[in-house]
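What follows is a set of notes on a single structure, which appears directly below.
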Amino acid sequence: MTASVPARAAIDAITPSETRRMAERDHDVAPWSLWGSYLSERQWGTVREDYSADGDAWTSFPHDHARSRVYRWGEDGLLGLCDDQCRLCFSLALWNGVDPILKERPFGLSNPEGNHGEDLKDYFFHLANTPTHSFMRALYKYPQRAFPYEELRQENGRRGRDQPEYELVDTGIFDDSRYFDVVIEYAKAGPEDLLIRLRATNRGPEAAPLTLLPSLWLRNTWRWGYPDDVEHRIRPVDGAGDAASGPAVVTDGIPHLGVYQLDCQEPGRWIFTDNETNSERLWGQPNATAFQKDGFHRHVVDGEAGAVNPALQGSKAGRLLQHTLAAGEEWVVELRLHRVDGPEPAPALDGEAVAALFDEREREWLEYFEHRVPGLSEDDRRIHLAGTAGLLWCKKYYGWSVMRWLEGDPTGTPPPAQRRHTQNAYWERLHAHDVISMPDCWEYPYFCQWDLMFHAVAFAVFDPATAKEQCMLLRKPQYTAPNAQTPAYEWALSDPNPPIGAWAAMRIYQIDRKNSDAADLAFLRAALRKLILEYGWWANRNDRSGDNVFQGGFLGLDNIAVFDRRFPLADGSIIEQCDGTAWMASLSLNLLQIAVELSREEPEYADICERFVVDFVQLAIGLNNPAGRNYLNWDEEDGFYYDVIKRPDGSVDYLRTRSVSGLVPLLAVQSFDIDTVARLPMLDVTNGLAWFTHERTTPSWMVQNLGIWHNDRVLFTLVPRERLQRICERLFDEEEFLSPYGIRSLSKVYEQHPYTYTEGSESQTLAYSPADSPVAMFGGNSNWRGPVWMPMNFLLIESLQKFAHFYDDSFKVEFPTRSGHWISLWEASLELEKRLVGLFRRDSEGRRPFNGAVELFQTDPHWRDLILFNEYFHGDNGAGVGASHQTGWSAMVCKMLNQLNRYTPPP
């Protein structure tokens with residue numbers, strides 16, 4: 001739908017400029033989202049590219065194949081871009097004259113190669129990005145010595161799980177600053193007109209050679225045997241002189257995209273190859289084409305002249321640029337990628353105009369984020385810009401048709417029969433063809449449902465349209481299963497992730513309403529319709545015992561327990577998870593909150609409110625009231641919520657491990673004011689649900705602990721006041737949960753006193769591990785046995801603030817425990833935010849805790865202000881651990897910066 005003339009005039013008047021572009025994007029006036037940093041950093045080693053019989057994605061498509069083998073479902077490159085369907089791609093390749101492999105993509109270890117799972121070994125940083133991708137900047141640190149591929153593999157393979165990962169910086173390759181800082185910047189002159197600037201700086205003490213190979217290529221959609229997918233080519237632009245050294249190449253007309261031209265005035269020559277598999281190299285079989293995907297590598301690194309097409313055409317083109325940089329020298333190369341068959345020709349731009357446009361887009365980028373989150377300090381602004389840049393750079397094209405993946409392509413080898421018996425076979429209707437916010441652009445280059453909800457809330461502060469789109473994306477018909485389950489992630493689509501979609505939708509609505517002074521009730525209505533379908537799946541799937549206690553299985557907390565909670569034990573015992581029931585109660589309350597909000601304008605939503613009130617009350621009783629069971633998840637002796645092991649003979653026992661799973665009941669909290677209760681009487685639980693109370697012979701727990709009033713507000717919570725007080729004693733105890741950098745995922749008490757439990761023939765020990773996981777449960781680098789995880793901290797902080805809104809200053813906690821310092825829950829929540837933000841801020845010694853003990857990162861002026869957002873953080877010293885570009889949920893720190901900046905402490 002195109003904007004009307006009055007709407008167009010209103011859009012033109014919008015400031016800042018980036019806000020105006022967003023309005024043009026959102027009203028389909030101009031396709032500002034057509035191009036972006038959507039090119040994946042890793043396509044190899046993914047499930048969707050795995051066509052093996054054993055399902056070993058890492059071995060099926062290893063890094064060594066990536067330069068020579070065509071991908072089926074996407075593309076990858078180094079800090080590149082593509083259109084929103086990944087039809088045409090641009091990226092930069094590098095060679096330092098000694099590397100064994102042309103640097104076309106970041107390198108890292110596969111899960112079997114790493115001593116703590118998959119692990120990126122290159123260093124790159126997202127420095128700038130805008131919601132419309134009108135300005136983008138990133139930095140890659142390229143060593144001048146030979147990249148130590150085999151040393152990294154062998155040393156990490158030698159190390160055990162009790163040793164740290166062996167990183168690129170540990171090899172000494174950056175000693176004496178012998179590396180290039182390679183900065184790539186993109187600035188849009190228009191929605192289909194992109195300026196590109198490469199800046200390479202020699203940081204070393206001596207002159208060093210560098211080859212730049214900016215590359216343009218077409219994703220191979222024609223090799224799979226479908227009649228509508230035709231191969232297209234790239235050629236030099238017609239003109240006088242030597243075509244190979246001419247200034248531009250141009251594509252054929254690409255359906256639904258057009259004809260694009262790549263200009264480069266820097267002296268060099270164009271080389272061409274085809275985006276086709278080198279079967280001879282990989283499998284000793286004849287090649288289907290004369291030129292292959294690895295032609296650039298063979299031509300540049302191996303000196304193979306015949307590896308590129310002398311006819312100067314192909315589905316992949318690159319500008320070969322070579323220069324030796326003196327110590328400290330900067331080499332600048334400018335390119336332009338623009339459509340040439342559009343309704344209006346791209347304007348001519350000389351060097352001065354290009355520089356001016358880059359300056360303008362950079363100024364607009366800074367202006368936009370200052371407008372959205374004003375008044376930050378210089379260091380906090382640096383953190384905030386890095387976090388938003390990482391969120392935006394991690395939006396990637398994701399394509400996968402599970403049906404075609406199961407059935408195979410007309411020209412391909414039929415997939416193995418075993419594939420039809422995997423859990424992913426149930427998801428054959430899943431058809432992904434979208435730009436999705438990834439958890440990590442290299443280590444998790446696929447959607448993860450529970451991660452995505454945090455990403456969406458983080459987006460809401462500065463790009464509400466994207467936040468709403470991402471929040472509901474996996475709930476579209478082409479993603480959901482027939483039973484209304486939403487997919488988890490591509491390794492196991494059926495895994496149940498914590499149901500936080502309703503929380504995310506409501507928070508996005510609230511943040512957007514606060515920032516825009518407009519309530520998007522249409523979004524909230526649409527969200528509720530989809531979430532109710534999903535709610536039915538949860539209610540029918542996970543309450544196996546029929547007593548409103550939910551096992552849940554995975555629930556996103558990986559290896560937090562002494563046993564693997566996904567499966568029954570060998571003797572048939574099952575684990576009744578306190579967090580499973582609490583997540584369901586939280587979902588009920590979040591859906592209730594949405595229905596209450598909608599009922600303000602549409603009274604018919606009152607009926608739905610009553611359903612969620614009843615469900616929440618039943619869940620609260622199931623978790624806290626012993627009626628009908630001989631046990632509780634709440635242990636009165638310890639004052640904590642624990643998992644309970646339930647044996648086939650009916651006997652039960654606590655698994656007494658104080659972990660973040662026992663804190664999840666805190667997340668199920670909400671309160672309503674007296675006017676809302678007057679409008680919706682069922683919110684007054686003890687009076688409004690008389691029929692419910694009458695039918696129960698032992699409603700005492702409900703009567704005593706649900707529907708408590710204070711300051712004309714009624715409270716819904718799983719955790720009564722006295723239990724909240726006892727939990728807070730442990731939560732804010734620095735010898736248990738409270739770290740200098742947030743809340744640990746496991747109590748530190750298990751550092752000196754590990755917990756061991758034996759059940760039948762199974763005996764397991766759980767110990768506090770503040771960094772990498774010492775156990776292989778779930779594999780990879782996942783670890784919930786001590787580190788600080790940003791998403792759970794964020795949810796806990798919000799819950800504490802909800803309790804504070806209800807109790808106000810009448811509820812005090814000792815922070816830290818045994819300090820004698822008593823504060824309100826609201827103040828405690830802000831103290832937690834300060835600790836989490838402190839992961840990235842410079843401390844009194846000028847060090848950033850997330851950088852750990854690496855002196856290069858802490859003190860070198862070319863490293864110390866570069867911010868990465870790790871998957872999780874060391875529970876004692878705050879060092880970043882796990883995936884290094886986990887910008888999605890760790891970028892929630894940007895939301896905290898906003899709140900801390902607005903908060904004025906009491907005198």
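Within each chain, counting starts at residue 1; across the structure tokens, chains are named A, B, ... in the order shown, with ligands numbered 1 upward in that order.
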Within 9 Å of segment 111-134 of chain A, which residues of segment 320-429 of chain A show up? Give each one with its shortest atom-to-atom distance in Å (one decimal) and the two atoms involved, counting only C-alpha atoms, rows by chain then rising residue number, as JSON lines.
{"residue": "A:Arg361", "atom": "CA", "partner": "A:Ser134", "partner_atom": "CA", "distance": 6.8}
{"residue": "A:Glu362", "atom": "CA", "partner": "A:Ala128", "partner_atom": "CA", "distance": 8.7}
{"residue": "A:Trp365", "atom": "CA", "partner": "A:Thr130", "partner_atom": "CA", "distance": 6.3}
{"residue": "A:Tyr368", "atom": "CA", "partner": "A:Thr130", "partner_atom": "CA", "distance": 8.4}
{"residue": "A:Phe369", "atom": "CA", "partner": "A:Thr130", "partner_atom": "CA", "distance": 8.8}
{"residue": "A:Leu385", "atom": "CA", "partner": "A:Ala128", "partner_atom": "CA", "distance": 6.6}
{"residue": "A:Ala386", "atom": "CA", "partner": "A:Leu127", "partner_atom": "CA", "distance": 5.5}
{"residue": "A:Gly387", "atom": "CA", "partner": "A:His126", "partner_atom": "CA", "distance": 8.5}
{"residue": "A:Thr388", "atom": "CA", "partner": "A:Asn129", "partner_atom": "CA", "distance": 7.2}
{"residue": "A:Ala389", "atom": "CA", "partner": "A:Asn129", "partner_atom": "CA", "distance": 4.7}
{"residue": "A:Gly390", "atom": "CA", "partner": "A:His126", "partner_atom": "CA", "distance": 5.4}
{"residue": "A:Leu391", "atom": "CA", "partner": "A:Asn129", "partner_atom": "CA", "distance": 8.7}
{"residue": "A:Leu392", "atom": "CA", "partner": "A:Asn129", "partner_atom": "CA", "distance": 6.2}
{"residue": "A:Trp393", "atom": "CA", "partner": "A:His126", "partner_atom": "CA", "distance": 6.8}
Those same residues - N, CA and C atoms - I'd like them written as a PDB file, in the first residue's frame.
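Saved result, selection_4.pdb, follows:
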ATOM      1  N   ARG A 361      25.507  10.630   6.357  1.00  0.00           N
ATOM      2  CA  ARG A 361      24.878   9.429   6.913  1.00  0.00           C
ATOM      3  C   ARG A 361      25.439   9.117   8.305  1.00  0.00           C
ATOM      4  N   GLU A 362      26.731   9.350   8.513  1.00  0.00           N
ATOM      5  CA  GLU A 362      27.298   9.131   9.838  1.00  0.00           C
ATOM      6  C   GLU A 362      26.686  10.097  10.849  1.00  0.00           C
ATOM      7  N   TRP A 365      23.201   8.936  11.670  1.00  0.00           N
ATOM      8  CA  TRP A 365      23.244   7.762  12.561  1.00  0.00           C
ATOM      9  C   TRP A 365      23.383   8.209  14.010  1.00  0.00           C
ATOM     10  N   TYR A 368      20.256  10.094  15.222  1.00  0.00           N
ATOM     11  CA  TYR A 368      19.084   9.257  15.467  1.00  0.00           C
ATOM     12  C   TYR A 368      19.141   8.619  16.852  1.00  0.00           C
ATOM     13  N   PHE A 369      20.276   8.034  17.219  1.00  0.00           N
ATOM     14  CA  PHE A 369      20.343   7.348  18.504  1.00  0.00           C
ATOM     15  C   PHE A 369      20.418   8.322  19.676  1.00  0.00           C
ATOM     16  N   LEU A 385      25.837   2.366  21.165  1.00  0.00           N
ATOM     17  CA  LEU A 385      25.972   2.312  19.714  1.00  0.00           C
ATOM     18  C   LEU A 385      26.473   0.954  19.253  1.00  0.00           C
ATOM     19  N   ALA A 386      27.380   0.361  20.026  1.00  0.00           N
ATOM     20  CA  ALA A 386      27.874  -0.968  19.676  1.00  0.00           C
ATOM     21  C   ALA A 386      26.769  -2.012  19.799  1.00  0.00           C
ATOM     22  N   GLY A 387      25.948  -1.893  20.847  1.00  0.00           N
ATOM     23  CA  GLY A 387      24.863  -2.851  21.042  1.00  0.00           C
ATOM     24  C   GLY A 387      23.823  -2.777  19.945  1.00  0.00           C
ATOM     25  N   THR A 388      23.423  -1.557  19.588  1.00  0.00           N
ATOM     26  CA  THR A 388      22.429  -1.421  18.520  1.00  0.00           C
ATOM     27  C   THR A 388      23.020  -1.842  17.176  1.00  0.00           C
ATOM     28  N   ALA A 389      24.305  -1.522  16.951  1.00  0.00           N
ATOM     29  CA  ALA A 389      24.945  -1.943  15.712  1.00  0.00           C
ATOM     30  C   ALA A 389      24.968  -3.460  15.604  1.00  0.00           C
ATOM     31  N   GLY A 390      25.303  -4.130  16.698  1.00  0.00           N
ATOM     32  CA  GLY A 390      25.344  -5.584  16.672  1.00  0.00           C
ATOM     33  C   GLY A 390      23.986  -6.195  16.420  1.00  0.00           C
ATOM     34  N   LEU A 391      22.952  -5.653  17.054  1.00  0.00           N
ATOM     35  CA  LEU A 391      21.592  -6.132  16.792  1.00  0.00           C
ATOM     36  C   LEU A 391      21.261  -6.045  15.313  1.00  0.00           C
ATOM     37  N   LEU A 392      21.576  -4.914  14.707  1.00  0.00           N
ATOM     38  CA  LEU A 392      21.212  -4.684  13.310  1.00  0.00           C
ATOM     39  C   LEU A 392      22.089  -5.495  12.354  1.00  0.00           C
ATOM     40  N   TRP A 393      23.381  -5.633  12.662  1.00  0.00           N
ATOM     41  CA  TRP A 393      24.244  -6.458  11.820  1.00  0.00           C
ATOM     42  C   TRP A 393      23.861  -7.932  11.896  1.00  0.00           C
TER      43      TRP A 393
END
Going by DSSP on the backbone, which bits of segment 118-230 of chain A are strand (DSSP E)? Write them as a PDB file with N, CA and C atoms, in the first residue's frame, please.
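Saved the output as selection22.pdb:
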ATOM      1  N   ASP A 119      33.324 -22.335  18.021  1.00  0.00           N
ATOM      2  CA  ASP A 119      34.011 -21.167  18.569  1.00  0.00           C
ATOM      3  C   ASP A 119      34.623 -20.349  17.440  1.00  0.00           C
ATOM      4  N   LEU A 120      34.162 -19.131  17.261  1.00  0.00           N
ATOM      5  CA  LEU A 120      34.722 -18.213  16.275  1.00  0.00           C
ATOM      6  C   LEU A 120      36.141 -17.841  16.672  1.00  0.00           C
ATOM      7  N   PHE A 124      36.221  -9.629  14.628  1.00  0.00           N
ATOM      8  CA  PHE A 124      35.576  -8.538  13.908  1.00  0.00           C
ATOM      9  C   PHE A 124      34.558  -7.881  14.830  1.00  0.00           C
ATOM     10  N   PHE A 125      34.240  -6.630  14.509  1.00  0.00           N
ATOM     11  CA  PHE A 125      33.437  -5.805  15.407  1.00  0.00           C
ATOM     12  C   PHE A 125      32.407  -5.019  14.608  1.00  0.00           C
ATOM     13  N   HIS A 126      31.181  -5.019  15.112  1.00  0.00           N
ATOM     14  CA  HIS A 126      30.105  -4.220  14.520  1.00  0.00           C
ATOM     15  C   HIS A 126      30.140  -2.833  15.155  1.00  0.00           C
ATOM     16  N   LEU A 127      30.384  -1.816  14.360  1.00  0.00           N
ATOM     17  CA  LEU A 127      30.602  -0.478  14.904  1.00  0.00           C
ATOM     18  C   LEU A 127      29.421   0.462  14.712  1.00  0.00           C
ATOM     19  N   ALA A 128      28.675   0.305  13.631  1.00  0.00           N
ATOM     20  CA  ALA A 128      27.564   1.230  13.377  1.00  0.00           C
ATOM     21  C   ALA A 128      26.549   0.558  12.465  1.00  0.00           C
ATOM     22  N   PHE A 135      23.414   3.551   6.994  1.00  0.00           N
ATOM     23  CA  PHE A 135      24.829   3.694   7.313  1.00  0.00           C
ATOM     24  C   PHE A 135      25.257   2.489   8.124  1.00  0.00           C
ATOM     25  N   MET A 136      26.317   1.830   7.665  1.00  0.00           N
ATOM     26  CA  MET A 136      26.819   0.627   8.341  1.00  0.00           C
ATOM     27  C   MET A 136      28.339   0.692   8.364  1.00  0.00           C
ATOM     28  N   ARG A 137      28.897   0.245   9.487  1.00  0.00           N
ATOM     29  CA  ARG A 137      30.353   0.215   9.608  1.00  0.00           C
ATOM     30  C   ARG A 137      30.751  -0.994  10.441  1.00  0.00           C
ATOM     31  N   ALA A 138      31.820  -1.662   9.999  1.00  0.00           N
ATOM     32  CA  ALA A 138      32.349  -2.797  10.754  1.00  0.00           C
ATOM     33  C   ALA A 138      33.854  -2.853  10.565  1.00  0.00           C
ATOM     34  N   LEU A 139      34.514  -3.573  11.464  1.00  0.00           N
ATOM     35  CA  LEU A 139      35.973  -3.652  11.491  1.00  0.00           C
ATOM     36  C   LEU A 139      36.404  -5.106  11.579  1.00  0.00           C
ATOM     37  N   TYR A 140      37.376  -5.469  10.728  1.00  0.00           N
ATOM     38  CA  TYR A 140      37.980  -6.794  10.799  1.00  0.00           C
ATOM     39  C   TYR A 140      39.470  -6.637  11.078  1.00  0.00           C
ATOM     40  N   LYS A 141      39.982  -7.402  12.054  1.00  0.00           N
ATOM     41  CA  LYS A 141      41.397  -7.397  12.399  1.00  0.00           C
ATOM     42  C   LYS A 141      42.080  -8.523  11.620  1.00  0.00           C
ATOM     43  N   TYR A 142      42.848  -8.132  10.592  1.00  0.00           N
ATOM     44  CA  TYR A 142      43.455  -9.128   9.700  1.00  0.00           C
ATOM     45  C   TYR A 142      44.948  -9.258   9.973  1.00  0.00           C
ATOM     46  N   PRO A 143      45.403 -10.412  10.477  1.00  0.00           N
ATOM     47  CA  PRO A 143      46.829 -10.582  10.776  1.00  0.00           C
ATOM     48  C   PRO A 143      47.701 -10.519   9.522  1.00  0.00           C
ATOM     49  N   TYR A 179      49.206  -6.394  12.104  1.00  0.00           N
ATOM     50  CA  TYR A 179      47.898  -6.700  11.534  1.00  0.00           C
ATOM     51  C   TYR A 179      47.388  -5.468  10.799  1.00  0.00           C
ATOM     52  N   PHE A 180      46.357  -5.673  10.008  1.00  0.00           N
ATOM     53  CA  PHE A 180      45.655  -4.590   9.339  1.00  0.00           C
ATOM     54  C   PHE A 180      44.309  -4.366  10.027  1.00  0.00           C
ATOM     55  N   ASP A 181      43.983  -3.116  10.273  1.00  0.00           N
ATOM     56  CA  ASP A 181      42.610  -2.767  10.602  1.00  0.00           C
ATOM     57  C   ASP A 181      41.873  -2.545   9.288  1.00  0.00           C
ATOM     58  N   VAL A 182      40.916  -3.383   8.986  1.00  0.00           N
ATOM     59  CA  VAL A 182      40.160  -3.262   7.750  1.00  0.00           C
ATOM     60  C   VAL A 182      38.732  -2.845   8.109  1.00  0.00           C
ATOM     61  N   VAL A 183      38.398  -1.617   7.785  1.00  0.00           N
ATOM     62  CA  VAL A 183      37.069  -1.067   8.065  1.00  0.00           C
ATOM     63  C   VAL A 183      36.270  -1.057   6.774  1.00  0.00           C
ATOM     64  N   ILE A 184      35.044  -1.561   6.837  1.00  0.00           N
ATOM     65  CA  ILE A 184      34.144  -1.497   5.688  1.00  0.00           C
ATOM     66  C   ILE A 184      32.926  -0.683   6.091  1.00  0.00           C
ATOM     67  N   GLU A 185      32.565   0.274   5.241  1.00  0.00           N
ATOM     68  CA  GLU A 185      31.437   1.171   5.505  1.00  0.00           C
ATOM     69  C   GLU A 185      30.495   1.165   4.310  1.00  0.00           C
ATOM     70  N   TYR A 186      29.213   1.238   4.600  1.00  0.00           N
ATOM     71  CA  TYR A 186      28.181   1.330   3.581  1.00  0.00           C
ATOM     72  C   TYR A 186      27.322   2.554   3.884  1.00  0.00           C
ATOM     73  N   ALA A 187      27.024   3.332   2.851  1.00  0.00           N
ATOM     74  CA  ALA A 187      26.130   4.485   3.001  1.00  0.00           C
ATOM     75  C   ALA A 187      25.168   4.491   1.823  1.00  0.00           C
ATOM     76  N   LYS A 188      23.882   4.570   2.112  1.00  0.00           N
ATOM     77  CA  LYS A 188      22.884   4.543   1.040  1.00  0.00           C
ATOM     78  C   LYS A 188      22.624   5.949   0.520  1.00  0.00           C
ATOM     79  N   ALA A 189      22.866   6.118  -0.795  1.00  0.00           N
ATOM     80  CA  ALA A 189      22.432   7.347  -1.458  1.00  0.00           C
ATOM     81  C   ALA A 189      20.947   7.260  -1.784  1.00  0.00           C
ATOM     82  N   GLY A 190      20.432   6.066  -1.855  1.00  0.00           N
ATOM     83  CA  GLY A 190      19.015   5.800  -2.086  1.00  0.00           C
ATOM     84  C   GLY A 190      18.736   4.358  -1.716  1.00  0.00           C
ATOM     85  N   ASP A 193      20.822   2.242  -4.032  1.00  0.00           N
ATOM     86  CA  ASP A 193      22.072   2.902  -4.416  1.00  0.00           C
ATOM     87  C   ASP A 193      22.979   2.931  -3.179  1.00  0.00           C
ATOM     88  N   LEU A 194      24.001   2.062  -3.175  1.00  0.00           N
ATOM     89  CA  LEU A 194      24.838   1.900  -1.996  1.00  0.00           C
ATOM     90  C   LEU A 194      26.282   2.292  -2.299  1.00  0.00           C
ATOM     91  N   LEU A 195      26.794   3.200  -1.497  1.00  0.00           N
ATOM     92  CA  LEU A 195      28.197   3.556  -1.562  1.00  0.00           C
ATOM     93  C   LEU A 195      28.968   2.679  -0.580  1.00  0.00           C
ATOM     94  N   ILE A 196      30.151   2.250  -0.996  1.00  0.00           N
ATOM     95  CA  ILE A 196      30.960   1.335  -0.201  1.00  0.00           C
ATOM     96  C   ILE A 196      32.357   1.926  -0.067  1.00  0.00           C
ATOM     97  N   ARG A 197      32.863   1.959   1.158  1.00  0.00           N
ATOM     98  CA  ARG A 197      34.206   2.477   1.393  1.00  0.00           C
ATOM     99  C   ARG A 197      35.002   1.471   2.219  1.00  0.00           C
ATOM    100  N   LEU A 198      36.173   1.097   1.698  1.00  0.00           N
ATOM    101  CA  LEU A 198      37.080   0.192   2.383  1.00  0.00           C
ATOM    102  C   LEU A 198      38.276   0.996   2.866  1.00  0.00           C
ATOM    103  N   ARG A 199      38.625   0.835   4.126  1.00  0.00           N
ATOM    104  CA  ARG A 199      39.781   1.535   4.685  1.00  0.00           C
ATOM    105  C   ARG A 199      40.658   0.513   5.399  1.00  0.00           C
ATOM    106  N   ALA A 200      41.845   0.284   4.828  1.00  0.00           N
ATOM    107  CA  ALA A 200      42.796  -0.663   5.421  1.00  0.00           C
ATOM    108  C   ALA A 200      43.978   0.115   5.974  1.00  0.00           C
ATOM    109  N   THR A 201      44.301  -0.138   7.247  1.00  0.00           N
ATOM    110  CA  THR A 201      45.407   0.553   7.907  1.00  0.00           C
ATOM    111  C   THR A 201      46.421  -0.459   8.417  1.00  0.00           C
ATOM    112  N   ASN A 202      47.669  -0.246   8.091  1.00  0.00           N
ATOM    113  CA  ASN A 202      48.755  -1.099   8.574  1.00  0.00           C
ATOM    114  C   ASN A 202      49.131  -0.656   9.985  1.00  0.00           C
ATOM    115  N   ALA A 208      53.869  -3.848   4.652  1.00  0.00           N
ATOM    116  CA  ALA A 208      53.265  -5.174   4.495  1.00  0.00           C
ATOM    117  C   ALA A 208      52.322  -5.162   3.302  1.00  0.00           C
ATOM    118  N   PRO A 209      52.313  -6.252   2.508  1.00  0.00           N
ATOM    119  CA  PRO A 209      51.434  -6.325   1.331  1.00  0.00           C
ATOM    120  C   PRO A 209      50.017  -6.705   1.717  1.00  0.00           C
ATOM    121  N   LEU A 210      49.062  -6.232   0.943  1.00  0.00           N
ATOM    122  CA  LEU A 210      47.654  -6.568   1.174  1.00  0.00           C
ATOM    123  C   LEU A 210      46.925  -6.620  -0.167  1.00  0.00           C
ATOM    124  N   THR A 211      46.158  -7.685  -0.341  1.00  0.00           N
ATOM    125  CA  THR A 211      45.269  -7.810  -1.495  1.00  0.00           C
ATOM    126  C   THR A 211      43.830  -7.634  -1.029  1.00  0.00           C
ATOM    127  N   LEU A 212      43.119  -6.722  -1.668  1.00  0.00           N
ATOM    128  CA  LEU A 212      41.683  -6.554  -1.443  1.00  0.00           C
ATOM    129  C   LEU A 212      40.953  -7.107  -2.658  1.00  0.00           C
ATOM    130  N   LEU A 213      39.912  -7.865  -2.405  1.00  0.00           N
ATOM    131  CA  LEU A 213      39.123  -8.428  -3.499  1.00  0.00           C
ATOM    132  C   LEU A 213      37.637  -8.231  -3.201  1.00  0.00           C
ATOM    133  N   PRO A 214      37.124  -6.985  -3.370  1.00  0.00           N
ATOM    134  CA  PRO A 214      35.686  -6.788  -3.217  1.00  0.00           C
ATOM    135  C   PRO A 214      34.945  -7.596  -4.273  1.00  0.00           C
ATOM    136  N   SER A 215      33.974  -8.394  -3.831  1.00  0.00           N
ATOM    137  CA  SER A 215      33.358  -9.391  -4.708  1.00  0.00           C
ATOM    138  C   SER A 215      31.843  -9.236  -4.760  1.00  0.00           C
ATOM    139  N   LEU A 216      31.306  -9.484  -5.946  1.00  0.00           N
ATOM    140  CA  LEU A 216      29.864  -9.440  -6.189  1.00  0.00           C
ATOM    141  C   LEU A 216      29.478 -10.768  -6.811  1.00  0.00           C
ATOM    142  N   TRP A 217      28.451 -11.425  -6.264  1.00  0.00           N
ATOM    143  CA  TRP A 217      28.059 -12.708  -6.832  1.00  0.00           C
ATOM    144  C   TRP A 217      26.576 -12.969  -6.650  1.00  0.00           C
ATOM    145  N   LEU A 218      26.101 -13.930  -7.426  1.00  0.00           N
ATOM    146  CA  LEU A 218      24.706 -14.344  -7.416  1.00  0.00           C
ATOM    147  C   LEU A 218      24.567 -15.651  -6.653  1.00  0.00           C
TER     148      LEU A 218
END
### Task
Write out as a list in words the residues lying within 7 Å of Ser588 of chain A, counting only C-alpha atoms and excluding same-chain residues fewer than 2 positions away.
Met584, Ala585, Ser586, Asn590, Leu591, Leu592, Phe612, Asp615 and Phe616 of chain A
### Task
Taking the DSSP assignment computed from this structure's backbone, write out as a ChimeraX atom specification all residues of segment 616-803 of chain A that belong to helix (DSSP H, G or I).
/A:616-624,660-667,674-679,681-683,685-688,690-694,700-705,721-731,748-750,790-803
Proximity check segment 233-272 of chain A to segment 287-310 of chain A, 10 Å, nearest pairs one decimal Å, only C-alpha atoms, as a Markdown table:
| residue | atom | partner | partner_atom | distance |
| --- | --- | --- | --- | --- |
| A:Ala244 | CA | A:Pro310 | CA | 9.3 |
| A:Ile271 | CA | A:Val308 | CA | 6.3 |
| A:Phe272 | CA | A:Asn309 | CA | 5.4 |
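The list of residues with at least one atom within 10 Å of Lys834 of chain A, based on only C-alpha atoms and without residues fewer than 6 positions apart in the same chain, reads Pro740, Tyr741, Gly742, Ala828, Arg841, Val893, Met896, Leu897 and Leu900 of chain A.
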Restrict the selected residues to C-alpha atoms and save them as a compact mmCIF listing (two decimals), in the first residue's frame.
# COMPACT_ATOMS: atom_id res chain seq x y z
CA PRO A 740 29.72 -8.22 40.92
CA TYR A 741 28.19 -8.36 37.43
CA GLY A 742 24.65 -9.58 37.97
CA ALA A 828 17.75 -3.34 44.15
CA ARG A 841 31.94 0.12 31.17
CA VAL A 893 22.02 -3.80 28.26
CA MET A 896 19.21 -0.82 30.93
CA LEU A 897 21.40 2.12 29.92
CA LEU A 900 19.66 4.10 34.37
### Message
Give me the residues near Ser573 of chain A as number ranges by chain, where near means some atom within 8 Å (using only C-alpha atoms) and where sequence neighbours in that chain fewer than 4 positions away do not count.
### Response
A: 568-569, 645-648
Go ahead and save the picked residues with C-alpha atoms, as a CSV table (one decimal), in the first residue's frame.
chain,number,residue,atom,x,y,z
A,568,PRO,CA,13.2,-39.7,32.3
A,569,LEU,CA,15.9,-41.4,34.3
A,645,ILE,CA,12.2,-36.3,41.4
A,646,LYS,CA,9.1,-38.4,41.1
A,647,ARG,CA,9.6,-42.2,41.1
A,648,PRO,CA,7.4,-44.9,39.5
### Message
I'd like the contact shell of segment 650-661 of chain A - 7 Å cut-off, only C-alpha atoms, skipping same-chain residues fewer than 2 positions apart - returned as JSON, numbers by chain.
### Response
{"A": [578, 579, 642, 643, 644, 645, 646, 647, 648, 663, 664, 745, 746, 747]}
### Message
Give me, as a PyMOL selection string, all polymer residues having an atom no more than 12 Å from segment 706-709 of chain A, counting only C-alpha atoms and skipping those fewer than 2 positions away in the same chain.
### Response
chain A and resi 613-614+616-621+624-625+669-674+677+681-689+693+699-704+711-721+806-807
Under the rule of at most 10 Å, produce a per-residue listing of segment 76-131 of chain A near segment 422-443 of chain A: chain, number, name, the closest pair of atoms, and the distance in Å, as a tab-separated table, using only C-alpha atoms.
residue	atom	partner	partner_atom	distance
A:Asp76	CA	A:Trp442	CA	9.8
A:Leu79	CA	A:Cys441	CA	9.9
A:Asp83	CA	A:Val435	CA	9.6
A:Asp84	CA	A:Val435	CA	6.3
A:Gln85	CA	A:His433	CA	7.0
A:Cys86	CA	A:Val435	CA	9.4
A:Arg105	CA	A:Trp442	CA	9.9
A:Pro106	CA	A:Trp442	CA	7.9
A:Phe107	CA	A:Trp442	CA	8.9
A:Gly108	CA	A:Trp442	CA	8.4
A:Leu109	CA	A:Glu443	CA	9.5
A:Ser110	CA	A:Glu443	CA	9.2
A:Asn111	CA	A:Glu443	CA	9.8
A:Gly117	CA	A:Glu443	CA	9.6
A:Glu118	CA	A:Glu443	CA	6.5
A:Asp119	CA	A:Glu443	CA	6.6
A:Leu120	CA	A:Glu443	CA	6.7
